[in-house]
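Student: Sending over a structure as structure tokens; questions will come in a sec.
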Amino acid sequence: MFARTSVRALVACCLVAVFVVQTCSQTLAPPVPPLLRPPAVPLVTHDPYFSVWAMSDTLAGERTKHWTGAAHGMVGMARIDGKPHRFMGQSYSPLPAPMRQLRLEVFPTRSVYEFEAEGVRLRLTFLSPLLPDDLEVLARPVTYLTWDAWAVDGRKHQVSLYFDCTAEFVVNTTYEKVVWSRPKVGDLSVLTFGSQEQPLLERAGDDLRIDWGYLHLAVSPPGAAGAGNSDVIAWNQTARNSFAATGALPDSDDMRQPRMAREEMPVLATTFDLGEVAAAPVSRHLMLAYDDVYSVEYFKRRLRPYWRREGREADALLKTAARDYETLKRRSEAFDAELMTDLRRVGGEEYARLAALAFRQTIAAHKLAADWDGTPLFFSKENYSNGSIATVDVTYPSAPFFLLLNPRLLEAQLRPVFDYAASPRWRFPFAPHDLGTYPLANGQTYGGRETSETDQMPVEESGNMLLLTAALARADGHARFAEAYWPLLTRWAEYLRDKGLDPENQLSTDDFAGHLAHNTNLSLKAILALGSYAMLADLTGRKAEARTYRRLAEEMAAKWIKIADDGDHYRLAFDKPGTWSQKYNLVWDKLLGLKLFPAQVARRELDFYRAKQNRYGLPLDNRESYTKLDWIVWTATLADSQEEFRSFITPLYKFVNETPDRVPLTDWYGTLDAKQRGFQARSVVGGIYIKMLEDAALWKKWSRRAAR
């Protein structure tokens with residue numbers, strides 16, 4: 001991964017604050033290329049509750065946190081020839097000085113840090129093997145932490161390692177009481193935290209942490225590759241200070257339980273004695289796993305996590321994860337390398353690094369659950385917004401990720417929405433917005449809920465469902481999924497036929513911008529959705545219906561071009577001359593091969609956008625200077641060349657490097673100041689992958705793997 005670099009370039013890189021710190025040691029660290037400086041680094045990322053991030057330039061810069069910003073502390077230390085150093089986390093009590101951080105690189109499934117002190121190099125890898133084409137593996141809530149240590153000064157050193165994680169992982173607030181245990185799981189050493197109350201699925205909302213289920217820290221037995229020498233459950237200060245001072249842990253567990261998590265905060269702690277370390281790397285690893293027992297309530301039925309179907313239990317999870325470590329490590333490294341190569345080929349280096357940063361965030365904003373018959377159901381959480389579950393206009397922007405890497409995961413998102421819309425509870429002629437508030441999928445809670453058309457998104461959500469179903473059919477090469485829900489698709493197509501060309505005053509997915517009548521981009525969505533319906537009708541043998549709706553979509557497209565025209569571009573709203581907006585919905589005309597709009601429509605828009613770009617990207621429209629990260633990439637995918645595509649990506653890359661807000665990737669920010677306007681850790685960043693769908697061969701290559 002390293003490139004040759006001149007000394008002058010290397011010094012310049014070290015001085016630029018937007019790059020990862022690459023400090024030269026006494027032995028001169030190998031030169032590395034400028035890397036993306038993530039606003040936050042994914043560490044332990046599986047679902048909306050089991051999601052821990054580093055939100056500073058260095059891993060030891062501050063406490064590790066849940067995506068909401070609440071502390072989910074982890075601390076790591078190394079003793080080198082008896083001298084303690086800290087490489088991860090902070091504490092309320094004094095800890096040793098941090099090691100020098102040399103490198104950080106974020107791959108799709110891994111975050112890799114390198115540190116150095118006292119002539120020893122230490123690499124720490126966080127691996128969440130979220131392999132999209134293998135639901136068995138993707139569903140496992142297990143992250144591996146792997147340490148590799150080696151000497152870089154030609155000498156030998158005595159090295160030992162320390163790791164702990166706090167009881168904050170298992171409570172919503174630290175005023176809640178926790179309990180702990182040492183379950184017997186084969187020959188693994190396992191330490192476990194849980195809340196005392198275990199209020200299973202009792203709370204719903206956005207700014208919440210899980211307060212039920214159990215966190216497990218598991219280490220392979222002595223003598224194995226992941227051997228640990230000792231472990232303890234103790235007050236964090238006791239465990240940390242003991243290791244820093246002596247290299248040993250307390251000789252007995254803290255017995256004072258239950259107690260509030262904030263009261264002499266307990267930790268699960270383990271150490272590894274690496275012995276004498278020379279030039280050959282010495283490796284150790286551990287596992288962090290979370291068993292939530294039940295994940296989602298789906299119309300009053302509690303659903304198990306997908307990995308727990310068929311009666312599986314936590315002990316089997318840990319044993320299987322321990323057994324598969326080496327295999328998953330190799331598979332994940334190979335997956336990362338291949339995906340990064342394809343991303344670079346399609347969109348360039350900056351695009352590839354943005355997509356890598358978005359990878360785990362996209363998946364971890366969902367929960368994969370099993371229906372009563374084992375059918376996978378994939379529920380999104382609308383993070384840092386209103387906490388909705390299975391939001392259709394969140395699924396829409398994230399869909400390119402799943403269309404590329406496993407269309408079955410998109411199907412698992414759409415199925416609950418279709419089933420809800422087909423039930424007697426949903427009485428409207430348009431598609432719903434959501435299924436509830438996470439983790440309770442018991443019926444729409446947004447806007448007018450199930451009783452009123454107030455603040456619904458009728459054109460938006462109906463168009464989304466038709467477009468996504470058509471895109472799924474394009475990925476699959478057939479429309480069997482659409483066939484199962486044909487009456488609903490027809491109902492929504494009829495609604496768009498009557499209401500879609502010139503939408504009334506209503507919300508769109510960009511609801512933060514407020515209501516807007518005669519929205520041209522929303523009209524584009526409706527027209528393309530009708531073209532998609534025609535495509536689906538043709539695939540299902542409904543030839544007459546296909547011809548009727550194809551002709552209708554063509555007529556509406558021709559009208560759109562005339563009434564949206566504003567000279568050198570197209571308007572924000574049909575009745576507002578002198579306005580403009582990103583026409584990101586137009587991308588489906590290209591990707592689905594609908595060809596409803598002549599190429600010059602996109603060409604005119606792209607030419608116009610050049611003069612509207614700011615330092616950190618293209619604004620969403622003329623009303624404000626803010627933008628949406630996902631929509632910029634969709635708009636850029638309309639480009640005719642990779643050079644033009646990159647001209648939209650470079651300001652976006654600059655934003656990610658320079659934003660002052662240290663949070664998991666936001667999708668709503670200012671193009672003048674790079675400041676977050678709202679939203680973080682949302683799945684919509686999966687929309688970055690839409691450029692990959694432009695290459696039909698690549699789309700087929702990746703999507704077909706999941707079908708094997």
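Chain labels A, B, ... are given in the sequence in which chains occur in the structure tokens; within each chain residues are numbered consecutively from 1, and ligands are likewise numbered from 1 in the order shown.
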Hey, what's within 9 Å of A:His478 if we count only C-alpha atoms and toss same-chain stuff fewer than 4 positions away? As a list in words, please?
Tutor: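 Using only C-alpha atoms, the neighbours found are Leu472, Ala473, Arg474, Ala482, Leu536, Leu539 and Thr540 of chain A.
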Student: Can you write out the residues you just picked, keeping C-alpha atoms, as a compact mmCIF listing (two decimals), in the first residue's frame?
Tutor:
# COMPACT_ATOMS: atom_id res chain seq x y z
CA LEU A 472 -33.58 -5.04 -8.03
CA ALA A 473 -35.00 -6.70 -11.14
CA ARG A 474 -32.13 -5.26 -13.19
CA ALA A 482 -42.02 -7.60 -8.28
CA LEU A 536 -41.30 -4.40 -14.80
CA LEU A 539 -40.41 -8.43 -17.59
CA THR A 540 -43.53 -10.02 -16.10
Student: Do you know which residues are at most 9 Å from A:Ala681 counting only C-alpha atoms, after dropping those on the same chain fewer than 6 positions away, and could you put them as a list in words?
Tutor: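 After dropping sequence-adjacent residues, the list is Pro48, Trp67, Thr68, Gln361, Thr362, Ala364, Ala365, Glu382, Asn383, Tyr384, Val663, Pro664, Leu665, Thr666 and Asp667 of chain A.
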Student: Using only C-alpha atoms, which residues of stretch 310-385 of chain A come within 9 Å of stretch 419-439 of chain A, and what is the closest atom pair for each, with the distance in Å to one decimal? Give it as CSV, sorted by chain and residue number.
Tutor:
residue,atom,partner,partner_atom,distance
A:Phe379,CA,A:Pro439,CA,8.6
A:Ser380,CA,A:Tyr438,CA,8.2
A:Lys381,CA,A:Tyr438,CA,6.0
A:Glu382,CA,A:Tyr438,CA,8.1
Student: Write to file, as a short mmCIF file (atom, residue, chain, number, x, y, z; two decimals), in the first residue's frame, the residues of the selection just made, with all heavy atoms.
Tutor:
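Okay, selection29.cif is ready:
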data_model
loop_
_atom_site.label_atom_id
_atom_site.label_comp_id
_atom_site.auth_asym_id
_atom_site.auth_seq_id
_atom_site.Cartn_x
_atom_site.Cartn_y
_atom_site.Cartn_z
N PHE A 379 -33.53 -4.23 8.69
CA PHE A 379 -34.18 -3.00 9.14
C PHE A 379 -33.16 -1.88 9.32
O PHE A 379 -32.20 -2.03 10.08
CB PHE A 379 -34.90 -3.25 10.47
CG PHE A 379 -36.03 -4.22 10.40
CD1 PHE A 379 -35.84 -5.55 10.71
CD2 PHE A 379 -37.30 -3.80 10.01
CE1 PHE A 379 -36.89 -6.46 10.65
CE2 PHE A 379 -38.36 -4.70 9.93
CZ PHE A 379 -38.15 -6.03 10.25
N SER A 380 -33.39 -0.76 8.67
CA SER A 380 -32.53 0.40 8.85
C SER A 380 -33.01 1.22 10.04
O SER A 380 -34.18 1.17 10.43
CB SER A 380 -32.54 1.29 7.60
OG SER A 380 -33.84 1.86 7.41
N LYS A 381 -32.07 1.98 10.63
CA LYS A 381 -32.43 2.99 11.60
C LYS A 381 -32.04 4.35 11.03
O LYS A 381 -30.91 4.52 10.55
CB LYS A 381 -31.73 2.78 12.94
CG LYS A 381 -32.10 3.87 13.96
CD LYS A 381 -31.48 3.68 15.32
CE LYS A 381 -31.94 4.79 16.26
NZ LYS A 381 -31.33 4.69 17.60
N GLU A 382 -32.94 5.30 11.09
CA GLU A 382 -32.66 6.64 10.59
C GLU A 382 -31.88 7.41 11.67
O GLU A 382 -32.43 8.23 12.40
CB GLU A 382 -33.96 7.37 10.21
CG GLU A 382 -33.72 8.60 9.38
CD GLU A 382 -34.99 9.16 8.76
OE1 GLU A 382 -36.02 8.46 8.73
OE2 GLU A 382 -34.94 10.31 8.31
#
Student: Extract the full set of strand (DSSP E or B) residues from stretch 280-391 of chain A according to DSSP on the backbone, and format it as number ranges by chain.
Tutor: A: 282-291, 296-298, 301-305, 366-370, 376-381, 388-389
Student: I need the helix (DSSP H, G or I) residues of stretch 283-471 of chain A per DSSP on the backbone, written as number ranges by chain.
Tutor: A: 306-311, 314-323, 325-347, 349-364, 392-405, 407-421, 458-471
Student: Write out as a PDB file with all heavy atoms, in the first residue's frame which residues come within 7 Å of A:Phe299 when counting only C-alpha atoms, dropping same-chain ones fewer than 2 positions away.
Tutor:
ATOM      1  N   GLU A 297     -38.906  -5.487  17.193  1.00  0.00           N
ATOM      2  CA  GLU A 297     -40.309  -5.881  17.328  1.00  0.00           C
ATOM      3  C   GLU A 297     -41.008  -5.537  16.024  1.00  0.00           C
ATOM      4  O   GLU A 297     -41.035  -4.378  15.608  1.00  0.00           O
ATOM      5  CB  GLU A 297     -40.965  -5.165  18.503  1.00  0.00           C
ATOM      6  CG  GLU A 297     -42.377  -5.657  18.787  1.00  0.00           C
ATOM      7  CD  GLU A 297     -42.933  -5.077  20.076  1.00  0.00           C
ATOM      8  OE1 GLU A 297     -42.551  -5.576  21.149  1.00  0.00           O
ATOM      9  OE2 GLU A 297     -43.727  -4.116  19.994  1.00  0.00           O
ATOM     10  N   ARG A 301     -44.423  -8.817  17.091  1.00  0.00           N
ATOM     11  CA  ARG A 301     -43.657 -10.066  17.187  1.00  0.00           C
ATOM     12  C   ARG A 301     -42.191  -9.729  17.398  1.00  0.00           C
ATOM     13  O   ARG A 301     -41.623  -8.939  16.639  1.00  0.00           O
ATOM     14  CB  ARG A 301     -43.796 -10.905  15.911  1.00  0.00           C
ATOM     15  CG  ARG A 301     -45.151 -11.535  15.728  1.00  0.00           C
ATOM     16  CD  ARG A 301     -45.133 -12.531  14.563  1.00  0.00           C
ATOM     17  NE  ARG A 301     -44.946 -11.894  13.279  1.00  0.00           N
ATOM     18  CZ  ARG A 301     -43.879 -12.056  12.508  1.00  0.00           C
ATOM     19  NH1 ARG A 301     -42.873 -12.826  12.918  1.00  0.00           N
ATOM     20  NH2 ARG A 301     -43.797 -11.461  11.336  1.00  0.00           N
ATOM     21  N   ALA A 441     -40.968  -1.824  14.948  1.00  0.00           N
ATOM     22  CA  ALA A 441     -41.555  -1.708  13.615  1.00  0.00           C
ATOM     23  C   ALA A 441     -43.022  -2.114  13.683  1.00  0.00           C
ATOM     24  O   ALA A 441     -43.438  -3.141  13.146  1.00  0.00           O
ATOM     25  CB  ALA A 441     -40.789  -2.583  12.631  1.00  0.00           C
ATOM     26  N   ASN A 442     -43.818  -1.258  14.328  1.00  0.00           N
ATOM     27  CA  ASN A 442     -45.229  -1.575  14.563  1.00  0.00           C
ATOM     28  C   ASN A 442     -46.181  -0.670  13.793  1.00  0.00           C
ATOM     29  O   ASN A 442     -47.376  -0.651  14.067  1.00  0.00           O
ATOM     30  CB  ASN A 442     -45.534  -1.482  16.062  1.00  0.00           C
ATOM     31  CG  ASN A 442     -44.834  -2.571  16.857  1.00  0.00           C
ATOM     32  OD1 ASN A 442     -44.684  -3.690  16.386  1.00  0.00           O
ATOM     33  ND2 ASN A 442     -44.379  -2.230  18.052  1.00  0.00           N
TER      34      ASN A 442
END
Student: With only C-alpha atoms counted and 9 Å as the cut-off, give the residues of stretch 189-226 of chain A in contact with stretch 156-167 of chain A, each with its shortest interatomic distance in Å and the pair that gives it, as a Markdown table.
Tutor:
| residue | atom | partner | partner_atom | distance |
| --- | --- | --- | --- | --- |
| A:Phe193 | CA | A:Ala167 | CA | 6.5 |
| A:Gly194 | CA | A:Ala167 | CA | 7.8 |
| A:Ser195 | CA | A:Ala167 | CA | 8.6 |
| A:Leu215 | CA | A:Ala167 | CA | 8.7 |
| A:Leu217 | CA | A:Cys165 | CA | 8.5 |
Student: Each residue of stretch 325-399 of chain A lying at most 10 Å from stretch 628-637 of chain A should get a row with its shortest atom-to-atom pair and the distance in Å to one decimal, counting only C-alpha atoms; could you produce that, ordered by chain and increasing number, as a Markdown table?
Tutor:
| residue | atom | partner | partner_atom | distance |
| --- | --- | --- | --- | --- |
| A:Gly347 | CA | A:Thr637 | CA | 9.5 |
| A:Tyr351 | CA | A:Val633 | CA | 9.3 |
| A:Pro397 | CA | A:Asp630 | CA | 6.9 |
| A:Ser398 | CA | A:Asp630 | CA | 8.4 |
Student: Write out as a PDB file with N, CA and C atoms, in the first residue's frame each polymer residue whose atoms come within 10 Å of A:Gly686, counting only C-alpha atoms; drop sequence neighbours fewer than 5 positions from it.
Tutor:
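And here is the file that came out, result-v3.pdb:
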ATOM      1  N   ALA A 355     -15.508   5.601  -0.397  1.00  0.00           N
ATOM      2  CA  ALA A 355     -16.360   4.404  -0.391  1.00  0.00           C
ATOM      3  C   ALA A 355     -15.941   3.443   0.717  1.00  0.00           C
ATOM      4  N   LEU A 357     -14.604   4.256   3.602  1.00  0.00           N
ATOM      5  CA  LEU A 357     -15.069   4.828   4.863  1.00  0.00           C
ATOM      6  C   LEU A 357     -16.568   4.618   5.042  1.00  0.00           C
ATOM      7  N   ALA A 358     -17.312   4.614   3.956  1.00  0.00           N
ATOM      8  CA  ALA A 358     -18.767   4.468   4.031  1.00  0.00           C
ATOM      9  C   ALA A 358     -19.212   3.024   4.217  1.00  0.00           C
ATOM     10  N   PHE A 359     -18.337   2.064   3.958  1.00  0.00           N
ATOM     11  CA  PHE A 359     -18.736   0.660   3.880  1.00  0.00           C
ATOM     12  C   PHE A 359     -19.377   0.162   5.176  1.00  0.00           C
ATOM     13  N   ARG A 360     -18.629   0.157   6.281  1.00  0.00           N
ATOM     14  CA  ARG A 360     -19.160  -0.395   7.529  1.00  0.00           C
ATOM     15  C   ARG A 360     -20.269   0.470   8.108  1.00  0.00           C
ATOM     16  N   GLN A 361     -20.192   1.785   7.889  1.00  0.00           N
ATOM     17  CA  GLN A 361     -21.264   2.661   8.367  1.00  0.00           C
ATOM     18  C   GLN A 361     -22.590   2.288   7.720  1.00  0.00           C
ATOM     19  N   THR A 362     -22.560   1.999   6.423  1.00  0.00           N
ATOM     20  CA  THR A 362     -23.786   1.655   5.706  1.00  0.00           C
ATOM     21  C   THR A 362     -24.450   0.426   6.312  1.00  0.00           C
ATOM     22  N   ILE A 363     -23.669  -0.613   6.546  1.00  0.00           N
ATOM     23  CA  ILE A 363     -24.233  -1.857   7.079  1.00  0.00           C
ATOM     24  C   ILE A 363     -24.653  -1.684   8.533  1.00  0.00           C
ATOM     25  N   THR A 395     -33.739   4.009   2.639  1.00  0.00           N
ATOM     26  CA  THR A 395     -33.389   2.851   1.816  1.00  0.00           C
ATOM     27  C   THR A 395     -33.018   3.280   0.402  1.00  0.00           C
ATOM     28  N   TYR A 396     -33.732   4.260  -0.142  1.00  0.00           N
ATOM     29  CA  TYR A 396     -33.498   4.717  -1.517  1.00  0.00           C
ATOM     30  C   TYR A 396     -32.058   5.176  -1.746  1.00  0.00           C
ATOM     31  N   PRO A 397     -31.526   6.117  -0.962  1.00  0.00           N
ATOM     32  CA  PRO A 397     -30.147   6.539  -1.224  1.00  0.00           C
ATOM     33  C   PRO A 397     -29.097   5.502  -0.864  1.00  0.00           C
ATOM     34  N   SER A 398     -29.383   4.615   0.074  1.00  0.00           N
ATOM     35  CA  SER A 398     -28.390   3.594   0.446  1.00  0.00           C
ATOM     36  C   SER A 398     -28.403   2.406  -0.503  1.00  0.00           C
ATOM     37  N   ALA A 399     -29.440   2.279  -1.313  1.00  0.00           N
ATOM     38  CA  ALA A 399     -29.659   1.082  -2.129  1.00  0.00           C
ATOM     39  C   ALA A 399     -28.506   0.726  -3.064  1.00  0.00           C
ATOM     40  N   PRO A 400     -27.791   1.683  -3.667  1.00  0.00           N
ATOM     41  CA  PRO A 400     -26.705   1.273  -4.567  1.00  0.00           C
ATOM     42  C   PRO A 400     -25.693   0.322  -3.926  1.00  0.00           C
ATOM     43  N   PHE A 401     -25.420   0.512  -2.651  1.00  0.00           N
ATOM     44  CA  PHE A 401     -24.500  -0.378  -1.940  1.00  0.00           C
ATOM     45  C   PHE A 401     -24.986  -1.822  -2.001  1.00  0.00           C
ATOM     46  N   PHE A 402     -26.256  -2.028  -1.719  1.00  0.00           N
ATOM     47  CA  PHE A 402     -26.807  -3.381  -1.662  1.00  0.00           C
ATOM     48  C   PHE A 402     -27.107  -3.932  -3.050  1.00  0.00           C
ATOM     49  N   ASP A 630     -24.520  12.152  -0.383  1.00  0.00           N
ATOM     50  CA  ASP A 630     -24.951  11.084  -1.284  1.00  0.00           C
ATOM     51  C   ASP A 630     -25.410  11.624  -2.624  1.00  0.00           C
TER      52      ASP A 630
END
Student: Which is closest to A:Arg497 among A:Met692, A:Ile527, A:Leu201, A:Val120, if we use only C-alpha atoms?
Tutor: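 Closest residue, counting only C-alpha atoms: A:Ile527.
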Student: I need the residue nearest A:Leu522 from this list: A:Pro458, A:Pro281, A:Pro503, A:Pro94. Use only C-alpha atoms for the distance.
Tutor: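 Of all the options, A:Pro503 lies closest to A:Leu522.
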Student: Using only C-alpha atoms for the distances, tell me which of A:Pro183, A:Asp336, A:Ser189, A:Val75 is nearest to A:Ala239.
Tutor: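 Of A:Pro183, A:Asp336, A:Ser189, A:Val75, the one nearest A:Ala239, counting only C-alpha atoms, is A:Val75.
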Student: May I ask for the distance between atom CA of A:Gly567 and atom CA of A:Asp511, given in Å to one decimal place?
Tutor: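 Computing the Euclidean distance for atom CA of A:Gly567 and atom CA of A:Asp511 yields 27.5 Å.
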Student: Residues within 12 Å of A:Asp57, please, as JSON, numbers by chain. Count only C-alpha atoms; anything in the same chain fewer than 5 positions from it doesn't count.
Tutor: {"A": [17, 18, 19, 20, 21, 22, 36, 37, 38, 39, 40, 41, 62, 63, 64, 88, 89, 100, 101, 102, 103, 104, 105, 113, 657, 658, 660, 661, 662, 663]}
Student: Please save C-alpha atoms of the selected residues as an mmCIF file, in the first residue's frame.
Tutor:
data_model
loop_
_atom_site.group_PDB
_atom_site.id
_atom_site.type_symbol
_atom_site.label_atom_id
_atom_site.label_comp_id
_atom_site.auth_asym_id
_atom_site.auth_seq_id
_atom_site.Cartn_x
_atom_site.Cartn_y
_atom_site.Cartn_z
ATOM 1 C CA ALA A 17 -3.251 18.820 9.327
ATOM 2 C CA VAL A 18 -5.773 17.091 7.099
ATOM 3 C CA PHE A 19 -3.597 14.014 6.773
ATOM 4 C CA VAL A 20 -3.246 11.200 9.256
ATOM 5 C CA VAL A 21 -0.286 11.819 11.556
ATOM 6 C CA GLN A 22 2.760 10.121 10.044
ATOM 7 C CA LEU A 36 -7.962 10.207 4.097
ATOM 8 C CA ARG A 37 -8.391 11.749 7.544
ATOM 9 C CA PRO A 38 -11.726 10.301 8.623
ATOM 10 C CA PRO A 39 -13.920 12.537 10.784
ATOM 11 C CA ALA A 40 -14.502 9.337 12.781
ATOM 12 C CA VAL A 41 -12.968 5.886 12.411
ATOM 13 C CA GLU A 62 -9.938 10.811 23.428
ATOM 14 C CA ARG A 63 -12.381 8.173 24.621
ATOM 15 C CA THR A 64 -13.900 5.848 22.038
ATOM 16 C CA MET A 88 -5.964 3.644 22.654
ATOM 17 C CA GLY A 89 -8.498 5.636 24.632
ATOM 18 C CA ARG A 100 3.454 7.793 18.550
ATOM 19 C CA GLN A 101 0.784 7.025 15.957
ATOM 20 C CA LEU A 102 2.381 6.461 12.555
ATOM 21 C CA ARG A 103 -0.448 5.340 10.353
ATOM 22 C CA LEU A 104 -4.172 4.972 9.998
ATOM 23 C CA GLU A 105 -5.877 3.403 7.023
ATOM 24 C CA TYR A 113 -3.454 1.676 13.102
ATOM 25 C CA ASN A 657 -10.656 15.691 5.340
ATOM 26 C CA GLU A 658 -11.300 19.180 6.700
ATOM 27 C CA PRO A 660 -14.273 20.281 12.114
ATOM 28 C CA ASP A 661 -17.052 17.926 13.217
ATOM 29 C CA ARG A 662 -15.618 14.627 14.432
ATOM 30 C CA VAL A 663 -18.577 12.324 13.935
#
Student: Nearest to A:Asp253: which of A:Glu453, A:Asp231, A:Asp47, A:Glu136 is it, counting only C-alpha atoms?
Tutor: A:Asp231
Student: Do a neighbour search on stretch 541-550 of chain A at 9 Å with only C-alpha atoms, toss out local chain neighbours closer than 2 positions, and write the hits as a tab-separated table (two decimals) with all heavy atoms, in the first residue's frame.
Tutor:
chain	number	residue	atom	x	y	z
A	493	ALA	N	-48.15	3.12	-9.23
A	493	ALA	CA	-47.96	3.65	-10.58
A	493	ALA	C	-49.16	4.50	-10.99
A	493	ALA	O	-49.01	5.57	-11.60
A	493	ALA	CB	-47.76	2.50	-11.57
A	497	ARG	N	-49.12	8.37	-11.99
A	497	ARG	CA	-49.71	8.77	-13.27
A	497	ARG	C	-50.57	10.02	-13.08
A	497	ARG	O	-50.53	10.95	-13.90
A	497	ARG	CB	-50.56	7.63	-13.81
A	497	ARG	CG	-51.31	7.92	-15.12
A	497	ARG	CD	-52.38	6.87	-15.34
A	497	ARG	NE	-53.40	6.90	-14.28
A	497	ARG	CZ	-54.27	5.91	-14.03
A	497	ARG	NH1	-54.24	4.80	-14.76
A	497	ARG	NH2	-55.16	6.03	-13.06
A	530	LEU	N	-42.37	5.62	-13.36
A	530	LEU	CA	-43.36	5.09	-14.30
A	530	LEU	C	-42.66	4.33	-15.43
A	530	LEU	O	-43.15	3.29	-15.89
A	530	LEU	CB	-44.22	6.22	-14.86
A	530	LEU	CG	-45.19	6.83	-13.84
A	530	LEU	CD1	-45.85	8.08	-14.40
A	530	LEU	CD2	-46.26	5.81	-13.44
A	531	GLY	N	-41.52	4.83	-15.87
A	531	GLY	CA	-40.73	4.08	-16.85
A	531	GLY	C	-40.26	2.76	-16.27
A	531	GLY	O	-40.21	1.74	-16.97
A	532	SER	N	-39.93	2.76	-14.98
A	532	SER	CA	-39.53	1.53	-14.31
A	532	SER	C	-40.68	0.54	-14.22
A	532	SER	O	-40.50	-0.68	-14.39
A	532	SER	CB	-39.02	1.85	-12.90
A	532	SER	OG	-37.85	2.65	-12.97
A	533	TYR	N	-41.85	1.06	-13.95
A	533	TYR	CA	-43.04	0.20	-13.89
A	533	TYR	C	-43.28	-0.45	-15.26
A	533	TYR	O	-43.61	-1.64	-15.35
A	533	TYR	CB	-44.26	1.00	-13.46
A	533	TYR	CG	-45.53	0.18	-13.39
A	533	TYR	CD1	-45.76	-0.70	-12.35
A	533	TYR	CD2	-46.50	0.29	-14.39
A	533	TYR	CE1	-46.93	-1.45	-12.28
A	533	TYR	CE2	-47.67	-0.44	-14.34
A	533	TYR	CZ	-47.88	-1.32	-13.28
A	533	TYR	OH	-49.03	-2.06	-13.23
A	534	ALA	N	-43.09	0.33	-16.32
A	534	ALA	CA	-43.23	-0.22	-17.67
A	534	ALA	C	-42.21	-1.33	-17.90
A	534	ALA	O	-42.53	-2.38	-18.50
A	534	ALA	CB	-43.06	0.88	-18.71
A	535	MET	N	-40.99	-1.12	-17.42
A	535	MET	CA	-39.96	-2.14	-17.55
A	535	MET	C	-40.35	-3.41	-16.81
A	535	MET	O	-40.20	-4.53	-17.31
A	535	MET	CB	-38.63	-1.60	-17.02
A	535	MET	CG	-37.45	-2.53	-17.17
A	535	MET	SD	-35.96	-1.89	-16.37
A	535	MET	CE	-36.20	-2.57	-14.72
A	536	LEU	N	-40.87	-3.25	-15.59
A	536	LEU	CA	-41.30	-4.40	-14.80
A	536	LEU	C	-42.48	-5.12	-15.45
A	536	LEU	O	-42.55	-6.36	-15.45
A	536	LEU	CB	-41.67	-3.94	-13.39
A	536	LEU	CG	-40.51	-3.47	-12.51
A	536	LEU	CD1	-41.04	-2.79	-11.25
A	536	LEU	CD2	-39.61	-4.64	-12.14
A	537	ALA	N	-43.39	-4.35	-16.00
A	537	ALA	CA	-44.54	-4.95	-16.69
A	537	ALA	C	-44.06	-5.81	-17.86
A	537	ALA	O	-44.57	-6.92	-18.10
A	537	ALA	CB	-45.51	-3.87	-17.16
A	538	ASP	N	-43.08	-5.31	-18.59
A	538	ASP	CA	-42.54	-6.06	-19.71
A	538	ASP	C	-41.87	-7.35	-19.22
A	538	ASP	O	-42.05	-8.42	-19.82
A	538	ASP	CB	-41.53	-5.19	-20.46
A	538	ASP	CG	-41.03	-5.87	-21.73
A	538	ASP	OD1	-41.84	-6.12	-22.63
A	538	ASP	OD2	-39.82	-6.16	-21.78
A	539	LEU	N	-41.11	-7.26	-18.13
A	539	LEU	CA	-40.41	-8.43	-17.59
A	539	LEU	C	-41.37	-9.49	-17.07
A	539	LEU	O	-41.04	-10.68	-17.04
A	539	LEU	CB	-39.45	-8.01	-16.47
A	539	LEU	CG	-38.18	-7.27	-16.91
A	539	LEU	CD1	-37.43	-6.73	-15.68
A	539	LEU	CD2	-37.27	-8.18	-17.72
A	552	LEU	N	-46.72	6.70	-21.66
A	552	LEU	CA	-47.05	7.73	-20.69
A	552	LEU	C	-45.78	8.39	-20.15
A	552	LEU	O	-45.70	9.62	-20.07
A	552	LEU	CB	-47.86	7.12	-19.53
A	552	LEU	CG	-48.14	8.03	-18.33
A	552	LEU	CD1	-49.03	9.19	-18.73
A	552	LEU	CD2	-48.78	7.23	-17.20
A	553	ALA	N	-44.78	7.60	-19.80
A	553	ALA	CA	-43.54	8.14	-19.26
A	553	ALA	C	-42.83	9.01	-20.30
A	553	ALA	O	-42.27	10.07	-19.97
A	553	ALA	CB	-42.64	7.01	-18.79
A	554	GLU	N	-42.84	8.57	-21.54
A	554	GLU	CA	-42.21	9.36	-22.61
A	554	GLU	C	-42.91	10.71	-22.79
A	554	GLU	O	-42.25	11.75	-22.95
A	554	GLU	CB	-42.24	8.58	-23.92
A	554	GLU	CG	-41.31	7.38	-23.93
A	554	GLU	CD	-41.49	6.51	-25.16
A	554	GLU	OE1	-42.52	6.71	-25.88
A	554	GLU	OE2	-40.65	5.63	-25.42
A	555	GLU	N	-44.23	10.71	-22.75
A	555	GLU	CA	-44.98	11.96	-22.89
A	555	GLU	C	-44.70	12.90	-21.73
A	555	GLU	O	-44.53	14.12	-21.92
A	555	GLU	CB	-46.48	11.65	-22.98
A	555	GLU	CG	-46.87	10.92	-24.27
A	555	GLU	CD	-48.31	10.41	-24.22
A	555	GLU	OE1	-48.96	10.54	-23.14
A	555	GLU	OE2	-48.79	9.87	-25.24
A	596	LEU	N	-35.46	7.75	-21.19
A	596	LEU	CA	-36.65	8.61	-21.33
A	596	LEU	C	-36.27	10.05	-21.63
A	596	LEU	O	-37.06	10.79	-22.22
A	596	LEU	CB	-37.46	8.54	-20.03
A	596	LEU	CG	-38.19	7.23	-19.76
A	596	LEU	CD1	-38.74	7.20	-18.34
A	596	LEU	CD2	-39.31	7.02	-20.77
